[in-house]
Structures are given as structure tokens and as C-alpha cells.
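Engineer: File name final_26.pdb; file contents PDB, C-alpha atoms; full text below.
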ATOM      1  CA  MET K   1       0.000   0.000   0.000
ATOM      2  CA  ARG K   2       2.838   2.347   0.854
ATOM      3  CA  PHE K   3       4.510   1.568  -2.520
ATOM      4  CA  THR K   4       1.306   2.426  -4.371
ATOM      5  CA  THR K   5       0.969   5.751  -2.563
ATOM      6  CA  VAL K   6       4.583   6.795  -3.209
ATOM      7  CA  GLY K   7       4.314   5.756  -6.851
ATOM      8  CA  SER K   8       1.150   7.785  -7.263
ATOM      9  CA  LEU K   9       2.862  10.829  -5.781
ATOM     10  CA  LEU K  10       5.805  10.420  -8.157
ATOM     11  CA  VAL K  11       3.497  10.143 -11.170
ATOM     12  CA  TYR K  12       1.587  13.252 -10.002
ATOM     13  CA  ALA K  13       4.822  15.206  -9.510
ATOM     14  CA  ALA K  14       6.067  14.167 -12.950
ATOM     15  CA  ALA K  15       2.787  15.342 -14.467
ATOM     16  CA  LEU K  16       3.302  18.774 -12.910
ATOM     17  CA  ILE K  17       6.911  19.020 -14.067
ATOM     18  CA  ALA K  18       6.350  17.828 -17.645
ATOM     19  CA  PRO K  19       4.311  20.803 -18.916
ATOM     20  CA  ALA K  20       6.725  23.247 -17.260
ATOM     21  CA  ALA K  21       9.668  21.563 -18.938
ATOM     22  CA  GLY K  22       7.923  21.814 -22.304
ATOM     23  CA  GLN K  23       7.245  25.510 -22.035
ATOM     24  CA  ASN K  24       9.362  27.955 -24.061
ATOM     25  CA  PRO K  25      11.515  30.346 -22.000
ATOM     26  CA  PRO K  26      10.113  33.879 -21.824
ATOM     27  CA  ALA K  27      11.322  36.261 -24.514
ATOM     28  CA  PRO K  28      13.896  38.816 -23.332
ATOM     29  CA  PRO K  29      12.588  42.357 -22.808
ATOM     30  CA  ALA K  30      12.566  44.457 -25.957
ATOM     31  CA  ALA K  31      13.623  48.039 -26.507
ATOM     32  CA  VAL K  32      10.871  50.659 -26.251
ATOM     33  CA  ARG K  33      10.762  53.316 -28.974
ATOM     34  CA  THR K  34       8.736  56.542 -28.709
ATOM     35  CA  ALA K  35       8.368  58.944 -31.637
ATOM     36  CA  VAL K  36       8.833  62.446 -30.207
ATOM     37  CA  ALA K  37       8.555  64.648 -33.328
ATOM     38  CA  ALA K  38       8.892  64.245 -37.086
ATOM     39  CA  THR K  39       8.608  66.112 -40.368
ATOM     40  CA  LYS K  40       9.345  65.863 -44.090
ATOM     41  CA  LEU K  41      12.032  68.016 -45.675
ATOM     42  CA  PRO K  42      11.236  68.778 -49.351
ATOM     43  CA  LEU K  43      14.920  69.091 -50.276
ATOM     44  CA  LEU K  44      18.141  68.101 -48.562
ATOM     45  CA  GLY K  45      21.551  67.143 -49.898
ATOM     46  CA  ASP K  46      21.806  69.949 -52.448
ATOM     47  CA  ALA K  47      24.216  71.764 -50.104
ATOM     48  CA  PRO K  48      26.425  70.624 -47.204
ATOM     49  CA  VAL K  49      24.640  70.415 -43.828
ATOM     50  CA  HIS K  50      25.767  69.833 -40.251
ATOM     51  CA  PHE K  51      24.244  68.558 -37.009
ATOM     52  CA  LYS K  52      24.282  70.901 -34.035
ATOM     53  CA  ALA K  53      22.799  70.708 -30.537
ATOM     54  CA  VAL K  54      22.293  73.469 -27.970
ATOM     55  CA  SER K  55      20.619  73.713 -24.576
ATOM     56  CA  VAL K  56      18.237  76.579 -23.828
ATOM     57  CA  THR K  57      17.343  77.516 -20.234
ATOM     58  CA  ILE K  58      14.647  80.116 -19.506
ATOM     59  CA  PRO K  59      13.801  81.405 -16.013
ATOM     60  CA  SER K  60      10.376  80.589 -14.597
ATOM     61  CA  GLY K  61       7.579  82.624 -16.186
ATOM     62  CA  MET K  62       9.926  84.431 -18.599
ATOM     63  CA  SER K  63       9.890  84.463 -22.423
ATOM     64  CA  SER K  64      12.521  84.346 -25.170
ATOM     65  CA  SER K  65      12.340  84.684 -28.944
ATOM     66  CA  VAL K  66      14.256  82.047 -30.902
ATOM     67  CA  SER K  67      15.215  82.013 -34.569
ATOM     68  CA  SER K  68      17.179  79.164 -36.123
ATOM     69  CA  THR K  69      17.418  76.617 -38.920
ATOM     70  CA  ASN K  70      15.297  73.452 -39.167
ATOM     71  CA  GLY K  71      15.324  71.623 -35.861
ATOM     72  CA  ILE K  72      13.478  69.782 -33.113
ATOM     73  CA  VAL K  73      13.228  70.938 -29.496
ATOM     74  CA  TYR K  74      13.011  68.425 -26.640
ATOM     75  CA  GLN K  75      11.829  69.341 -23.150
ATOM     76  CA  LEU K  76      14.234  68.158 -20.456
ATOM     77  CA  LEU K  77      13.076  70.026 -17.340
ATOM     78  CA  GLY K  78      10.078  72.177 -16.471
ATOM     79  CA  SER K  79       7.558  73.159 -19.148
ATOM     80  CA  THR K  80       7.543  75.556 -22.092
ATOM     81  CA  GLU K  81       4.752  77.235 -24.010
ATOM     82  CA  ILE K  82       5.911  77.537 -27.634
ATOM     83  CA  THR K  83       4.239  79.870 -30.123
ATOM     84  CA  VAL K  84       5.093  79.569 -33.826
ATOM     85  CA  ALA K  85       3.118  81.342 -36.575
ATOM     86  CA  GLY K  86       0.146  81.815 -34.240
ATOM     87  CA  GLU K  87       0.019  78.182 -33.129
ATOM     88  CA  VAL K  88       0.626  77.416 -29.444
ATOM     89  CA  LYS K  89       1.820  74.159 -27.884
ATOM     90  CA  THR K  90       2.975  73.425 -24.337
ATOM     91  CA  LEU K  91       5.816  70.944 -23.903
ATOM     92  CA  ASN K  92       6.271  68.876 -20.761
ATOM     93  CA  PRO K  93       9.333  66.710 -20.001
ATOM     94  CA  GLY K  94       9.833  64.081 -22.689
ATOM     95  CA  GLU K  95       7.859  65.954 -25.360
ATOM     96  CA  GLY K  96       9.188  67.662 -28.481
ATOM     97  CA  LEU K  97       8.289  69.852 -31.443
ATOM     98  CA  PHE K  98       9.679  70.502 -34.927
ATOM     99  CA  ILE K  99      10.359  74.180 -35.647
ATOM    100  CA  ALA K 100      10.982  75.023 -39.301
ATOM    101  CA  GLY K 101      13.869  77.267 -40.253
ATOM    102  CA  GLY K 102      13.009  80.894 -40.847
ATOM    103  CA  ASN K 103      10.221  80.924 -38.242
ATOM    104  CA  LEU K 104      10.422  83.086 -35.149
ATOM    105  CA  ALA K 105       9.365  81.040 -32.115
ATOM    106  CA  THR K 106       8.400  82.453 -28.726
ATOM    107  CA  LEU K 107       9.329  80.217 -25.800
ATOM    108  CA  LYS K 108       7.762  80.920 -22.395
ATOM    109  CA  ALA K 109       8.813  78.940 -19.344
ATOM    110  CA  GLY K 110       6.103  77.648 -17.030
ATOM    111  CA  ASP K 111       5.573  79.208 -13.615
ATOM    112  CA  GLY K 112       6.656  76.101 -11.696
ATOM    113  CA  GLY K 113      10.381  76.619 -12.285
ATOM    114  CA  PRO K 114      12.979  77.215 -15.002
ATOM    115  CA  SER K 115      12.619  75.482 -18.355
ATOM    116  CA  THR K 116      15.475  73.577 -19.986
ATOM    117  CA  LEU K 117      15.241  72.302 -23.552
ATOM    118  CA  LEU K 118      17.559  70.597 -26.009
ATOM    119  CA  HIS K 119      17.426  72.008 -29.534
ATOM    120  CA  PHE K 120      18.682  69.629 -32.236
ATOM    121  CA  LEU K 121      19.504  71.503 -35.445
ATOM    122  CA  LEU K 122      20.214  70.685 -39.079
ATOM    123  CA  ALA K 123      22.157  73.637 -40.457
ATOM    124  CA  SER K 124      24.059  74.521 -43.609
ATOM    125  CA  THR K 125      27.709  75.475 -43.247
ATOM    126  CA  ALA K 126      26.790  79.163 -43.507
ATOM    127  CA  GLU K 127      23.985  78.848 -40.915
ATOM    128  CA  ARG K 128      25.784  76.957 -38.153
ATOM    129  CA  ASP K 129      26.168  80.099 -36.048
ATOM    130  CA  LYS K 130      22.775  81.655 -36.763
ATOM    131  CA  PHE K 131      20.962  80.284 -33.710
ATOM    132  CA  VAL K 132      19.637  83.269 -31.760
ATOM    133  CA  ALA K 133      17.711  83.305 -28.469
ATOM    134  CA  THR K 134      16.944  86.624 -26.843
ATOM    135  CA  PRO K 135      17.588  87.258 -23.109
ATOM    136  CA  PRO K 136      16.875  86.097 -20.484
ATOM    137  CA  ALA K 137      17.411  82.708 -22.159
ATOM    138  CA  VAL K 138      20.809  81.118 -21.553
ATOM    139  CA  VAL K 139      22.113  79.160 -24.556
ATOM    140  CA  GLN K 140      24.958  76.662 -24.436
ATOM    141  CA  GLU K 141      26.307  74.909 -27.513
ATOM    142  CA  LEU K 142      26.742  71.225 -26.710
ATOM    143  CA  TYR K 143      27.770  69.629 -29.985
ATOM    144  CA  ARG K 144      28.372  70.277 -33.680
ATOM    145  CA  THR K 145      29.764  68.100 -36.450
ATOM    146  CA  ALA K 146      33.142  69.274 -37.680
ATOM    147  CA  ALA K 147      32.440  68.194 -41.256
ATOM    148  CA  PRO K 148      29.191  68.136 -43.267
ATOM    149  CA  LEU K 149      27.051  64.991 -43.169
ATOM    150  CA  PRO K 150      28.416  62.676 -45.893
ATOM    151  CA  GLU K 151      26.584  60.755 -48.604
ATOM    152  CA  LEU K 152      23.403  62.863 -48.634
ATOM    153  CA  LYS K 153      22.112  62.853 -52.194
ATOM    154  CA  PRO K 154      19.669  65.627 -53.202
ATOM    155  CA  GLY K 155      16.037  64.696 -52.575
ATOM    156  CA  ARG K 156      13.253  64.506 -49.993
ATOM    157  CA  TYR K 157      14.232  63.453 -46.482
ATOM    158  CA  ASP K 158      12.630  62.470 -43.199
ATOM    159  CA  LEU K 159      13.716  64.348 -40.081
ATOM    160  CA  ASN K 160      12.710  62.943 -36.709
ATOM    161  CA  LEU K 161      13.506  62.608 -33.016
ATOM    162  CA  THR K 162      12.960  59.294 -31.240
ATOM    163  CA  ARG K 163      13.400  58.306 -27.598
ATOM    164  CA  ILE K 164      14.626  54.737 -27.085
ATOM    165  CA  THR K 165      14.946  52.744 -23.859
ATOM    166  CA  PHE K 166      16.949  49.523 -23.600
ATOM    167  CA  PRO K 167      16.035  47.381 -20.576
ATOM    168  CA  ALA K 168      18.730  46.316 -18.147
ATOM    169  CA  GLN K 169      21.085  43.554 -19.287
ATOM    170  CA  MET K 170      20.039  43.869 -22.936
ATOM    171  CA  PRO K 171      22.673  42.291 -25.235
ATOM    172  CA  SER K 172      24.085  44.375 -28.066
ATOM    173  CA  ASN K 173      21.908  44.414 -31.181
ATOM    174  CA  ALA K 174      23.132  43.131 -34.533
ATOM    175  CA  PRO K 175      25.597  45.255 -36.550
ATOM    176  CA  HIS K 176      23.804  47.894 -38.615
ATOM    177  CA  HIS K 177      24.271  51.283 -40.271
ATOM    178  CA  ARG K 178      22.215  54.352 -41.179
ATOM    179  CA  SER K 179      21.030  55.333 -44.628
ATOM    180  CA  GLY K 180      21.295  58.997 -43.640
ATOM    181  CA  ALA K 181      22.825  60.196 -40.373
ATOM    182  CA  ALA K 182      21.948  60.459 -36.678
ATOM    183  CA  LEU K 183      22.993  62.307 -33.543
ATOM    184  CA  TYR K 184      22.444  60.508 -30.227
ATOM    185  CA  TYR K 185      22.055  62.038 -26.757
ATOM    186  CA  VAL K 186      22.145  59.851 -23.646
ATOM    187  CA  VAL K 187      19.379  60.810 -21.206
ATOM    188  CA  SER K 188      19.918  58.224 -18.463
ATOM    189  CA  GLY K 189      21.738  54.982 -17.790
ATOM    190  CA  THR K 190      24.978  53.886 -19.432
ATOM    191  CA  GLY K 191      25.003  52.081 -22.762
ATOM    192  CA  ALA K 192      27.615  50.124 -24.702
ATOM    193  CA  ASN K 193      28.478  51.432 -28.185
ATOM    194  CA  THR K 194      30.535  49.098 -30.398
ATOM    195  CA  ILE K 195      32.354  50.315 -33.523
ATOM    196  CA  GLU K 196      34.918  48.212 -35.409
ATOM    197  CA  GLY K 197      35.120  45.736 -32.539
ATOM    198  CA  LYS K 198      35.808  48.404 -29.907
ATOM    199  CA  THR K 199      33.171  48.934 -27.206
ATOM    200  CA  GLU K 200      32.873  52.170 -25.241
ATOM    201  CA  ALA K 201      30.563  53.111 -22.373
ATOM    202  CA  LYS K 202      28.295  56.094 -23.065
ATOM    203  CA  ALA K 203      27.081  57.920 -19.953
ATOM    204  CA  PRO K 204      24.312  60.519 -19.472
ATOM    205  CA  GLY K 205      25.029  63.760 -21.323
ATOM    206  CA  SER K 206      27.070  62.046 -24.051
ATOM    207  CA  PHE K 207      26.579  62.892 -27.722
ATOM    208  CA  ILE K 208      27.346  60.253 -30.343
ATOM    209  CA  TYR K 209      27.417  61.032 -34.060
ATOM    210  CA  GLU K 210      26.632  58.324 -36.616
ATOM    211  CA  PRO K 211      27.317  59.314 -40.234
ATOM    212  CA  SER K 212      25.954  57.342 -43.145
ATOM    213  CA  GLY K 213      27.444  53.874 -43.507
ATOM    214  CA  LEU K 214      29.063  53.635 -40.054
ATOM    215  CA  VAL K 215      28.591  50.041 -38.864
ATOM    216  CA  HIS K 216      27.871  49.930 -35.144
ATOM    217  CA  GLN K 217      25.989  48.194 -32.314
ATOM    218  CA  TRP K 218      24.224  49.279 -29.119
ATOM    219  CA  GLY K 219      23.561  47.336 -25.936
ATOM    220  CA  ASN K 220      22.900  47.824 -22.236
ATOM    221  CA  PRO K 221      25.049  45.684 -19.929
ATOM    222  CA  GLY K 222      24.009  47.736 -16.883
ATOM    223  CA  ALA K 223      21.554  46.978 -14.103
ATOM    224  CA  SER K 224      19.228  49.890 -14.928
ATOM    225  CA  PRO K 225      17.441  50.999 -18.123
ATOM    226  CA  PHE K 226      19.403  52.941 -20.740
ATOM    227  CA  THR K 227      17.489  55.815 -22.402
ATOM    228  CA  PHE K 228      18.722  57.930 -25.290
ATOM    229  CA  LEU K 229      17.455  60.297 -27.985
ATOM    230  CA  VAL K 230      18.088  59.856 -31.712
ATOM    231  CA  PHE K 231      17.952  62.911 -33.992
ATOM    232  CA  ASN K 232      17.844  61.281 -37.412
ATOM    233  CA  THR K 233      17.566  62.159 -41.074
ATOM    234  CA  ASN K 234      17.185  59.632 -43.880
ATOM    235  CA  PRO K 235      16.029  59.626 -47.512
ATOM    236  CA  GLU K 236      12.250  59.442 -47.800
ATOM    237  CA  GLY K 237      11.094  55.885 -48.467
ATOM    238  CA  VAL K 238      14.399  54.357 -47.329
ATOM    239  CA  PRO K 239      14.699  52.671 -43.889
ATOM    240  CA  ALA K 240      16.661  54.778 -41.432
ATOM    241  CA  VAL K 241      18.450  51.695 -40.085
ATOM    242  CA  VAL K 242      19.886  49.026 -42.403
ATOM    243  CA  SER K 243      21.282  45.665 -41.261
ATOM    244  CA  GLY K 244      24.964  44.891 -41.725
ATOM    245  CA  ALA K 245      27.476  46.924 -43.668
ATOM    246  CA  PRO K 246      26.652  49.086 -46.696
ATOM    247  CA  ALA K 247      26.771  47.356 -50.061
ATOM    248  CA  LYS K 248      30.043  47.949 -51.857
ATOM    249  CA  THR K 249      29.794  50.041 -54.996
ATOM    250  CA  GLN K 250      31.671  49.020 -58.123
TER
END
Let's see the structure in the file written out as C-alpha cells.

Structural biologist:
Amino acid sequence: MRFTTVGSLLVYAAALIAPAAGQNPPAPPAAVRTAVAATKLPLLGDAPVHFKAVSVTIPSGMSSSVSSTNGIVYQLLGSTEITVAGEVKTLNPGEGLFIAGGNLATLKAGDGGPSTLLHFLLASTAERDKFVATPPAVVQELYRTAAPLPELKPGRYDLNLTRITFPAQMPSNAPHHRSGAALYYVVSGTGANTIEGKTEAKAPGSFIYEPSGLVHQWGNPGASPFTFLVFNTNPEGVPAVVSGAPAKTQ
């Protein structure tokens, strides 16, 4: 009788274990992508252009007039009421807005504290120094490309800003390159950027420039999420990110 009871328990335990053993392991967490702002540029590549990034800080409740080239603003801290051509939009942290070149924008900080924004710009060689923000705004240039963006053939282009978060312990993605160009900004966490077999840690506040054709990888070996912004331009109708290395031309 005891043998029968023990045998029954073993069979019951095996029945519980069998389905668990047959189950597929859970899929690893995926990256989260959020489109912040985007537009279409009717013509790009007919003249050399550069990436540039500045920070703009406005005291609480105060206003500043900003004129610049094509670009996208991203709210880091506080809030900002932005008026362009009679249209008004309020940005809170994590939100953004495309401002076309040649437009005068009025930026008013919210009453809860100072406003800090990042302004990502796409500027011709002659326009790199034409960013103007009236007092009391404080402007700090953070990054600019030394040379024009390479391999941009004349045509229509997408221009966008995306926020991406890699979960903790996310392995590096497969090697890939961009059909246009991108400028990264690390918001939080520390990521791993691999180029030509060399991996470097990228901490908050870092800017990383990716010209067309640069083969690279991103991962997050850390214990906390890794969040970054991607200011990207690519030919209309062509994927921004392409697997592997660029095809060799004859």
C-alpha cells in the first residue's frame, strides 16, 4: 500500500513538471521606442549640412524669442509654451516639437520653475552660427559636427527625433548602419556602443554622431534601463536603419 501511494505521488509530480519543462523560455525584454517629433524636408543634400545641438534655459515665467534653422526641441526640465506662426503648444518633459527654419518662435517657461530644452539643429555650413535666443534665455552649444554629413544625395528626407529605452542587461543588437545620419544624446543609464570591434561606455550627457554607412551596435550591460534620444535624417522611403554593412559600390 505504501509503494502504491509513493508511486502515485511520483506520477503526479512528474505530471506537474512535464508541462513546465515543455514551455518555451520567456522572450527577453525588448527596446521601447517613442516617436517624439517628425517632419518631411522637401529638399536636402543639395548643399552641405551639419548637425548641431544646444541647450536653452529660460527662467520661470519668462519668455525668449528664438530664430534658427530646421530643428526639433526636446523638453528636459520644467515646461515651455511655444508659439510659432500663431500656433501654441505646451511641452512637458519628454515631449518635443519641430520648428521650421526661418520661423520666429516664442518660448515661455512655465511658472513652476525654469525650463530647460535641447534644440537639435540641421544647419548649412553658412547657418551653423545663426541660432539666436533673446535674453533672459541662456544658450549653451553642446555639440556640432566638424564636417558636413556625408553621402546625402539631393532629394526629400525624413527628419525625426525618437526616444529609445533599452532594458537592463540587454545584449548588443546586430551590426547595422544608417542610410542617412543620426545624432544621439544619452538621457539616463549607461550604454555600450561598439564600432569596429571596440566597445565604449556612453554615460548621461554624451553625444554620439553616426554618419551614413558607419557600422555599429548598441547594448545595455548595466543593471538599470538605458534611455537615449536619436535625432535622425534619412532619404524618404528608405529605412533609417539598415542591417549589416553598406553594399560595396563598383

Engineer: Could you tell me which of K:Gln217, K:Asn234, K:Thr69, K:Asn193 comes closest to Pro175 of chain K if we count all atoms listed in the file?

Structural biologist: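 Ranked by minimum distance to Pro175 of chain K, first place goes to K:Gln217.
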
Engineer: Once the PyMOL selection byres ((chain K and resi 147) around 10) has been applied to the shown file, what residues remain in the selection, as JSON, numbers by chain?

Structural biologist: {"K": [48, 49, 50, 51, 125, 144, 145, 146, 148, 149, 150]}

Engineer: Write out as JSON, numbers by chain the residues lying within 12 Å of Pro221 of chain K, counting only C-alpha atoms and excluding same-chain residues fewer than 2 positions away.

Structural biologist: {"K": [166, 167, 168, 169, 170, 171, 172, 173, 189, 190, 191, 192, 193, 199, 200, 201, 202, 218, 219, 223, 224, 225, 226]}

Engineer: Step by step, work through what the PyMOL selection byres ((chain K and resi 74) around 9) selects in the shown file, and finish by giving those residues as a list in words.

Structural biologist: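 Residues picked by the PyMOL selection byres ((chain K and resi 74) around 9): Val36, Ala37, Ile72, Val73, Gln75, Leu76, Leu91, Asn92, Pro93, Gly94, Glu95, Gly96, Leu97, Thr116, Leu117, Leu118, His119, Phe120 and Leu161 of chain K.
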
Engineer: Work out how far apart atom CA of Ile164 of chain K and atom CA of Ser206 of chain K are and give it in Å to one decimal.

Structural biologist: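 We find that atom CA of Ile164 of chain K and atom CA of Ser206 of chain K lie 14.7 Å from each other.
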
Engineer: Translate the PyMOL selection byres ((chain K and resi 207-214) around 9) into a concrete residue list for this structure, as a short mmCIF file (atom, residue, chain, number, x, y, z; two decimals) with C-alpha atoms, keeping the file's coordinate frame.

Structural biologist:
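What follows is the written file selection-v5.cif:
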data_model
loop_
_atom_site.label_atom_id
_atom_site.label_comp_id
_atom_site.auth_asym_id
_atom_site.auth_seq_id
_atom_site.Cartn_x
_atom_site.Cartn_y
_atom_site.Cartn_z
CA PHE K 51 24.24 68.56 -37.01
CA LEU K 142 26.74 71.22 -26.71
CA TYR K 143 27.77 69.63 -29.98
CA THR K 145 29.76 68.10 -36.45
CA LEU K 149 27.05 64.99 -43.17
CA PRO K 150 28.42 62.68 -45.89
CA GLU K 151 26.58 60.76 -48.60
CA LEU K 152 23.40 62.86 -48.63
CA HIS K 176 23.80 47.89 -38.62
CA HIS K 177 24.27 51.28 -40.27
CA ARG K 178 22.22 54.35 -41.18
CA SER K 179 21.03 55.33 -44.63
CA GLY K 180 21.30 59.00 -43.64
CA ALA K 181 22.82 60.20 -40.37
CA ALA K 182 21.95 60.46 -36.68
CA LEU K 183 22.99 62.31 -33.54
CA TYR K 184 22.44 60.51 -30.23
CA TYR K 185 22.06 62.04 -26.76
CA VAL K 186 22.14 59.85 -23.65
CA ILE K 195 32.35 50.32 -33.52
CA LYS K 202 28.30 56.09 -23.06
CA PRO K 204 24.31 60.52 -19.47
CA GLY K 205 25.03 63.76 -21.32
CA SER K 206 27.07 62.05 -24.05
CA VAL K 215 28.59 50.04 -38.86
CA HIS K 216 27.87 49.93 -35.14
CA ALA K 245 27.48 46.92 -43.67
CA PRO K 246 26.65 49.09 -46.70
#

Engineer: Rank nothing, just name the residue among K:Ala105, K:Ala133, K:Ala38, K:Ala247 nearest to Glu81 of chain K, using only C-alpha atoms.

Structural biologist: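 Once distances to Glu81 of chain K are computed over only C-alpha atoms, the minimum belongs to K:Ala105.
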
Engineer: To one decimal in Å, tell me the separation between atom CA of Arg156 of chain K and atom CA of Glu236 of chain K.

Structural biologist: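 Between atom CA of Arg156 of chain K and atom CA of Glu236 of chain K the gap is 5.6 Å.
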
Engineer: Would you please work out which residue, of K:Thr106, K:Thr194, K:Asn220, K:Asn160, is nearest to Ile82 of chain K when using all atoms listed in the file?

Structural biologist: K:Thr106
